[in-house]
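Data from start33.txt: compact mmCIF, C-alpha atoms and all ligand atoms
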# COMPACT_ATOMS: atom_id res chain seq x y z
CA MET N 1 10.32 15.57 -6.06
CA ALA N 2 6.69 16.51 -6.00
CA VAL N 3 3.64 15.94 -3.87
CA LEU N 4 0.99 14.25 -6.01
CA GLU N 5 -2.77 14.50 -5.76
CA ILE N 6 -4.32 11.55 -3.92
CA LEU N 7 -7.52 10.22 -5.48
CA GLU N 8 -10.42 9.58 -3.12
CA PHE N 9 -12.96 6.78 -2.82
CA GLY N 10 -15.52 7.07 -5.56
CA ASN N 11 -12.91 7.63 -8.24
CA ASP N 12 -13.13 4.77 -10.76
CA VAL N 13 -9.34 4.56 -11.09
CA LEU N 14 -9.20 3.08 -7.59
CA ARG N 15 -11.35 0.16 -8.78
CA GLN N 16 -9.14 -0.87 -11.66
CA LYS N 17 -6.47 -3.54 -11.72
CA SER N 18 -2.93 -2.23 -12.07
CA GLU N 19 -0.41 -3.50 -14.61
CA GLU N 20 2.98 -5.11 -14.01
CA VAL N 21 6.02 -2.85 -14.16
CA THR N 22 8.47 -4.00 -16.82
CA GLU N 23 10.82 -1.04 -17.12
CA PHE N 24 13.03 0.01 -14.23
CA ASN N 25 14.08 3.42 -15.44
CA GLU N 26 14.26 7.04 -14.34
CA GLU N 27 10.55 7.51 -14.91
CA LEU N 28 9.87 4.79 -12.33
CA TRP N 29 12.38 6.25 -9.88
CA GLN N 30 10.78 9.69 -10.19
CA LEU N 31 7.37 8.18 -9.47
CA LEU N 32 8.74 6.27 -6.46
CA ASP N 33 10.31 9.46 -5.09
CA ASP N 34 7.10 11.41 -5.62
CA MET N 35 4.97 8.67 -4.06
CA ALA N 36 7.18 8.59 -0.96
CA GLU N 37 7.04 12.37 -0.63
CA THR N 38 3.25 12.29 -1.07
CA MET N 39 2.87 9.57 1.57
CA TYR N 40 5.04 11.41 4.11
CA GLU N 41 3.33 14.74 3.39
CA ALA N 42 -0.08 13.12 3.99
CA GLY N 43 1.09 11.37 7.15
CA GLY N 44 0.37 7.89 5.82
CA VAL N 45 2.24 4.60 6.28
CA GLY N 46 1.59 3.32 2.76
CA LEU N 47 0.59 4.46 -0.70
CA ALA N 48 -0.17 2.54 -3.88
CA ALA N 49 0.31 3.95 -7.38
CA PRO N 50 -3.40 3.84 -8.35
CA GLN N 51 -4.03 6.28 -5.48
CA VAL N 52 -2.06 8.86 -7.45
CA GLY N 53 -3.73 7.90 -10.72
CA VAL N 54 -1.07 5.52 -12.02
CA LEU N 55 -2.33 2.00 -12.75
CA LYS N 56 0.97 0.23 -12.15
CA ARG N 57 1.91 -2.35 -9.53
CA ILE N 58 3.94 -0.02 -7.31
CA VAL N 59 3.69 0.50 -3.56
CA VAL N 60 5.62 2.52 -1.00
CA ILE N 61 5.40 1.70 2.71
CA ASP N 62 7.05 3.15 5.79
CA VAL N 63 5.70 1.98 9.13
CA ASP N 64 8.57 3.65 10.99
CA ASP N 65 10.39 0.41 11.78
CA ASP N 66 13.84 -0.98 10.93
CA HIS N 67 12.85 -1.47 7.30
CA GLY N 68 12.64 2.27 6.70
CA LEU N 69 11.08 3.17 3.36
CA LEU N 70 10.06 0.09 1.38
CA GLU N 71 9.64 0.39 -2.36
CA LEU N 72 7.67 -2.64 -3.59
CA ILE N 73 7.32 -3.19 -7.31
CA ASN N 74 5.17 -6.04 -8.65
CA PRO N 75 4.58 -7.27 -5.07
CA VAL N 76 3.19 -10.76 -4.50
CA ILE N 77 2.11 -12.13 -1.13
CA THR N 78 3.70 -15.58 -0.90
CA ALA N 79 2.66 -16.74 2.58
CA ILE N 80 0.27 -15.73 5.34
CA LYS N 81 -0.15 -16.96 8.89
CA GLY N 82 -2.61 -16.31 11.70
CA LYS N 83 -5.08 -13.48 12.05
CA GLN N 84 -5.28 -9.96 13.44
CA HIS N 85 -8.22 -7.60 13.68
CA GLU N 86 -7.14 -3.97 13.89
CA LEU N 87 -8.17 -0.45 12.97
CA GLU N 88 -7.27 0.61 9.44
CA GLY N 89 -7.53 3.75 7.40
CA CYS N 90 -6.57 4.89 3.93
CA LEU N 91 -5.24 8.14 2.48
CA SER N 92 -7.97 7.85 -0.15
CA CYS N 93 -10.63 7.81 2.57
CA PRO N 94 -9.67 10.62 4.95
CA GLY N 95 -11.25 10.63 8.39
CA ARG N 96 -12.79 7.17 8.25
CA ASN N 97 -11.31 4.19 10.04
CA GLY N 98 -12.60 0.69 10.48
CA TYR N 99 -11.63 -2.73 11.75
CA VAL N 100 -10.37 -5.21 9.17
CA GLU N 101 -9.30 -8.82 9.63
CA ARG N 102 -5.87 -9.45 8.17
CA PRO N 103 -3.21 -12.16 8.53
CA ALA N 104 -0.95 -11.76 11.58
CA LYS N 105 2.17 -12.50 9.54
CA VAL N 106 2.70 -11.87 5.85
CA ARG N 107 5.58 -12.77 3.58
CA ILE N 108 5.83 -10.74 0.41
CA LYS N 109 8.19 -10.75 -2.54
CA ALA N 110 8.69 -7.68 -4.67
CA GLN N 111 11.19 -6.08 -6.99
CA ASN N 112 13.16 -3.06 -5.90
CA ARG N 113 13.71 0.05 -8.06
CA TYR N 114 16.43 -1.77 -9.98
CA GLY N 115 14.32 -4.85 -10.71
CA LYS N 116 15.94 -7.10 -8.10
CA TRP N 117 13.56 -9.47 -6.29
CA LYS N 118 13.58 -9.32 -2.49
CA THR N 119 11.48 -10.97 0.20
CA TYR N 120 10.13 -9.27 3.31
CA VAL N 121 8.25 -10.61 6.31
CA GLY N 122 5.89 -8.35 8.22
CA THR N 123 3.84 -8.64 11.39
CA GLU N 124 1.41 -6.24 13.06
CA LEU N 125 1.16 -2.92 11.17
CA LEU N 126 3.60 -3.97 8.43
CA ALA N 127 1.59 -7.13 7.71
CA ARG N 128 -1.55 -5.03 7.44
CA ALA N 129 0.17 -2.55 5.15
CA PHE N 130 1.39 -5.34 2.84
CA CYS N 131 -2.21 -6.58 2.47
CA HIS N 132 -3.89 -3.17 2.26
CA GLU N 133 -1.50 -1.83 -0.39
CA THR N 134 -1.45 -4.96 -2.58
CA ASP N 135 -5.26 -4.91 -2.45
CA HIS N 136 -5.12 -1.41 -4.01
CA LEU N 137 -3.28 -2.90 -7.01
CA ASN N 138 -6.28 -5.16 -7.60
CA GLY N 139 -8.92 -2.45 -7.20
CA ILE N 140 -9.84 -3.61 -3.69
CA LEU N 141 -10.35 -1.02 -0.96
CA PHE N 142 -10.15 -1.57 2.78
CA ALA N 143 -13.74 -0.38 3.09
CA ASP N 144 -14.78 -3.53 1.23
CA LYS N 145 -13.38 -5.56 4.13
CA VAL N 146 -14.32 -3.43 7.16
CA ASP N 147 -16.53 -5.36 9.56
CA GLN N 148 -16.89 -2.54 12.07
CA TRP N 149 -16.51 1.21 11.44
CA GLU N 150 -15.04 3.40 14.13
CA GLU N 151 -17.52 5.93 15.46
CA PRO N 152 -16.41 9.39 14.29
CA ASP N 153 -16.89 10.86 17.79
CA LYS N 154 -14.54 8.30 19.36
CA LYS N 155 -11.51 9.63 17.53
NI NI C 201 -5.23 2.72 1.13

Just give me the structure as C-alpha cells.
Amino acid sequence: MAVLEILEFGNDVLRQKSEEVTEFNEELWQLLDDMAETMYEAGGVGLAAPQVGVLKRIVVIDVDDDHGLLELINPVITAIKGKQHELEGCLSCPGRNGYVERPAKVRIKAQNRYGKWKTYVGTELLARAFCHETDHLNGILFADKVDQWEEPDKK
C-alpha cells in the first residue's frame, strides 16, 4: 500500500467529471487500498479518487461507525430525506471548514470491489460524507455549497 498525494483546491482535476468504473481488477483493488491508507494517514473520513488525481467514480469512507471502511464504486444517491446544516471540511482544502446544508438521511447504491451492487443508508456524518464524496465525482467541491465559513480563530 502507499500514501498518495492529495490534490488541493485550485487544481483543475478536482473540477472534472469522473468516469464510471467498468473493470473490477487488481489495479482497482490497489487503488482502493492506497486511497484508504491515504485517507487514514490524513485523518479524513472520506476520499474520492479525483482527489488523488484519478478521474474514476471511486470513493472510500470511514466515519468510525458500524459500517467500518466503505468502498463505493460508481455510487448513486437514490433517495434523500430531511435537512441538516453542519460543519464540513475537505482533505483538499486543509484548515478551512464551513457550514453546508445537506440531506439528513441519504440512501446510496454502489458497487463493491468485486462489482456487486449494495445499498447503504446514512444519517448525520455518514449522510454528509455520501453527498460530499459523490459531489467530488462530478467536479463539485464543498466550498461551492458553504453558506457560512468557520472563523479560523474559533478552531
Ligand atoms: Ni472533499

Using all atoms listed in the file, which protein or nucleic acid residues come within 12 Å of Glu124 in chain N? Drop anything in the same chain fewer than 4 positions from it, and give the result as a CSV table (one decimal) with C-alpha atoms, keeping the file's coordinate frame.
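And here is the file that came out, part-v3.csv:
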chain,number,residue,atom,x,y,z
N,63,VAL,CA,5.7,2.0,9.1
N,65,ASP,CA,10.4,0.4,11.8
N,81,LYS,CA,-0.2,-17.0,8.9
N,82,GLY,CA,-2.6,-16.3,11.7
N,83,LYS,CA,-5.1,-13.5,12.0
N,84,GLN,CA,-5.3,-10.0,13.4
N,85,HIS,CA,-8.2,-7.6,13.7
N,86,GLU,CA,-7.1,-4.0,13.9
N,87,LEU,CA,-8.2,-0.4,13.0
N,88,GLU,CA,-7.3,0.6,9.4
N,101,GLU,CA,-9.3,-8.8,9.6
N,102,ARG,CA,-5.9,-9.4,8.2
N,103,PRO,CA,-3.2,-12.2,8.5
N,104,ALA,CA,-1.0,-11.8,11.6
N,105,LYS,CA,2.2,-12.5,9.5
N,106,VAL,CA,2.7,-11.9,5.8
N,128,ARG,CA,-1.6,-5.0,7.4
N,129,ALA,CA,0.2,-2.6,5.2
N,130,PHE,CA,1.4,-5.3,2.8
N,131,CYS,CA,-2.2,-6.6,2.5

* To do: Could you check which of N:Asp147, N:Asp66, N:Glu26, N:Glu133 is closest to ligand NI 201 (chain C), using all atoms listed in the file?
  =>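 Looking only at the distances to ligand NI 201 (chain C), the closest residue turns out to be N:Glu133.
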
Contacts of range 20-22 of chain N within 8 Å, all atoms listed in the file, excl. fewer than 2 positions in-chain, as a short mmCIF file (atom, residue, chain, number, x, y, z; two decimals) with C-alpha atoms, keeping the file's coordinate frame:
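The result, written out as part.cif:
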data_model
loop_
_atom_site.label_atom_id
_atom_site.label_comp_id
_atom_site.auth_asym_id
_atom_site.auth_seq_id
_atom_site.Cartn_x
_atom_site.Cartn_y
_atom_site.Cartn_z
CA SER N 18 -2.93 -2.23 -12.07
CA PHE N 24 13.03 0.01 -14.23
CA LYS N 56 0.97 0.23 -12.15
CA ARG N 57 1.91 -2.35 -9.53
CA ILE N 58 3.94 -0.02 -7.31
CA ILE N 73 7.32 -3.19 -7.31
CA ASN N 74 5.17 -6.04 -8.65
#

* For ligand NI 201 (chain C), which residue among N:Glu8, N:Glu151, N:Asp33, N:Glu27 is the nearest when counting all atoms listed in the file? ->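 So, comparing all the options, the nearest one is N:Glu8.
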
Tell me, as a compact mmCIF listing (two decimals) with C-alpha atoms, in the frame of the given file, which residues lie within 8 Å of Thr119 in chain N, counting all atoms listed in the file; anything in the same chain fewer than 4 positions away does not count.
# COMPACT_ATOMS: atom_id res chain seq x y z
CA ARG N 107 5.58 -12.77 3.58
CA ILE N 108 5.83 -10.74 0.41
CA LYS N 109 8.19 -10.75 -2.54
CA ALA N 110 8.69 -7.68 -4.67

* Neighbours of ligand NI 201 (chain C) within 7 Å, counting only C-alpha atoms and all ligand atoms, as a PyMOL selection string? -> chain N and resi 47+89-92+132-133+136+141-142

* Just the residues within 10 Å of Val54 in chain N, please, counting all atoms listed in the file, with nothing from its chain fewer than 5 positions along; format it as a list in words. =>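 With the cut-off at 10 Å, the set is Val13, Leu14, Ser18, Glu19, Leu31, Ala48 and Ala49 of chain N.
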
* For Lys116 in chain N, which of N:Met35, N:Asn138, N:Thr78, N:Glu71 is the closest residue, counting all atoms listed in the file? ->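 Closest residue, counting all atoms listed in the file: N:Glu71.
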
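Going from CA of Gly122 in chain N over to CA of Gly43 in chain N, you cover 20.3 Å.
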
* Rank N:Leu69, N:Ile77, N:Leu7, N:Val59 by their smallest atom-to-atom distance to Leu137 in chain N, using only C-alpha atoms, and report the top residue only. =>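 The closest residue to Leu137 in chain N is N:Val59.
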
* To do: Could you please determine the separation between CA of Trp117 in chain N and CA of Ile6 in chain N in Å, to one decimal place?
  =>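 Going from CA of Trp117 in chain N over to CA of Ile6 in chain N covers 27.7 Å.
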
* Work out how far apart CA of Glu41 in chain N and CA of Asn25 in chain N are and give it in Å to one decimal. => 24.5 Å

Output range 24-35 of chain N as a tab-separated table (two decimals), keeping the file's coordinate frame, making sure N, CA, C and O atoms are there.
chain	number	residue	atom	x	y	z
N	24	PHE	N	12.50	-0.56	-15.47
N	24	PHE	CA	13.03	0.01	-14.23
N	24	PHE	C	13.97	1.15	-14.61
N	24	PHE	O	15.19	1.00	-14.66
N	25	ASN	N	13.33	2.29	-14.88
N	25	ASN	CA	14.08	3.42	-15.44
N	25	ASN	C	13.84	4.68	-14.61
N	25	ASN	O	13.18	4.64	-13.55
N	26	GLU	N	14.35	5.79	-15.10
N	26	GLU	CA	14.26	7.04	-14.34
N	26	GLU	C	12.83	7.50	-14.13
N	26	GLU	O	12.52	8.15	-13.13
N	27	GLU	N	11.96	7.15	-15.06
N	27	GLU	CA	10.55	7.51	-14.91
N	27	GLU	C	9.96	6.82	-13.68
N	27	GLU	O	9.22	7.42	-12.89
N	28	LEU	N	10.31	5.54	-13.51
N	28	LEU	CA	9.87	4.79	-12.33
N	28	LEU	C	10.45	5.40	-11.06
N	28	LEU	O	9.74	5.60	-10.06
N	29	TRP	N	11.74	5.73	-11.09
N	29	TRP	CA	12.38	6.25	-9.88
N	29	TRP	C	11.77	7.59	-9.48
N	29	TRP	O	11.59	7.88	-8.29
N	30	GLN	N	11.43	8.41	-10.47
N	30	GLN	CA	10.78	9.69	-10.19
N	30	GLN	C	9.43	9.46	-9.51
N	30	GLN	O	9.09	10.11	-8.53
N	31	LEU	N	8.68	8.49	-10.05
N	31	LEU	CA	7.37	8.18	-9.47
N	31	LEU	C	7.53	7.67	-8.04
N	31	LEU	O	6.79	8.08	-7.14
N	32	LEU	N	8.51	6.79	-7.82
N	32	LEU	CA	8.74	6.27	-6.46
N	32	LEU	C	9.08	7.41	-5.50
N	32	LEU	O	8.57	7.45	-4.37
N	33	ASP	N	9.94	8.32	-5.94
N	33	ASP	CA	10.31	9.46	-5.09
N	33	ASP	C	9.09	10.33	-4.79
N	33	ASP	O	8.88	10.75	-3.65
N	34	ASP	N	8.29	10.58	-5.80
N	34	ASP	CA	7.10	11.41	-5.62
N	34	ASP	C	6.07	10.72	-4.73
N	34	ASP	O	5.41	11.37	-3.90
N	35	MET	N	5.92	9.41	-4.91
N	35	MET	CA	4.97	8.67	-4.06
N	35	MET	C	5.39	8.70	-2.60
N	35	MET	O	4.56	8.88	-1.70
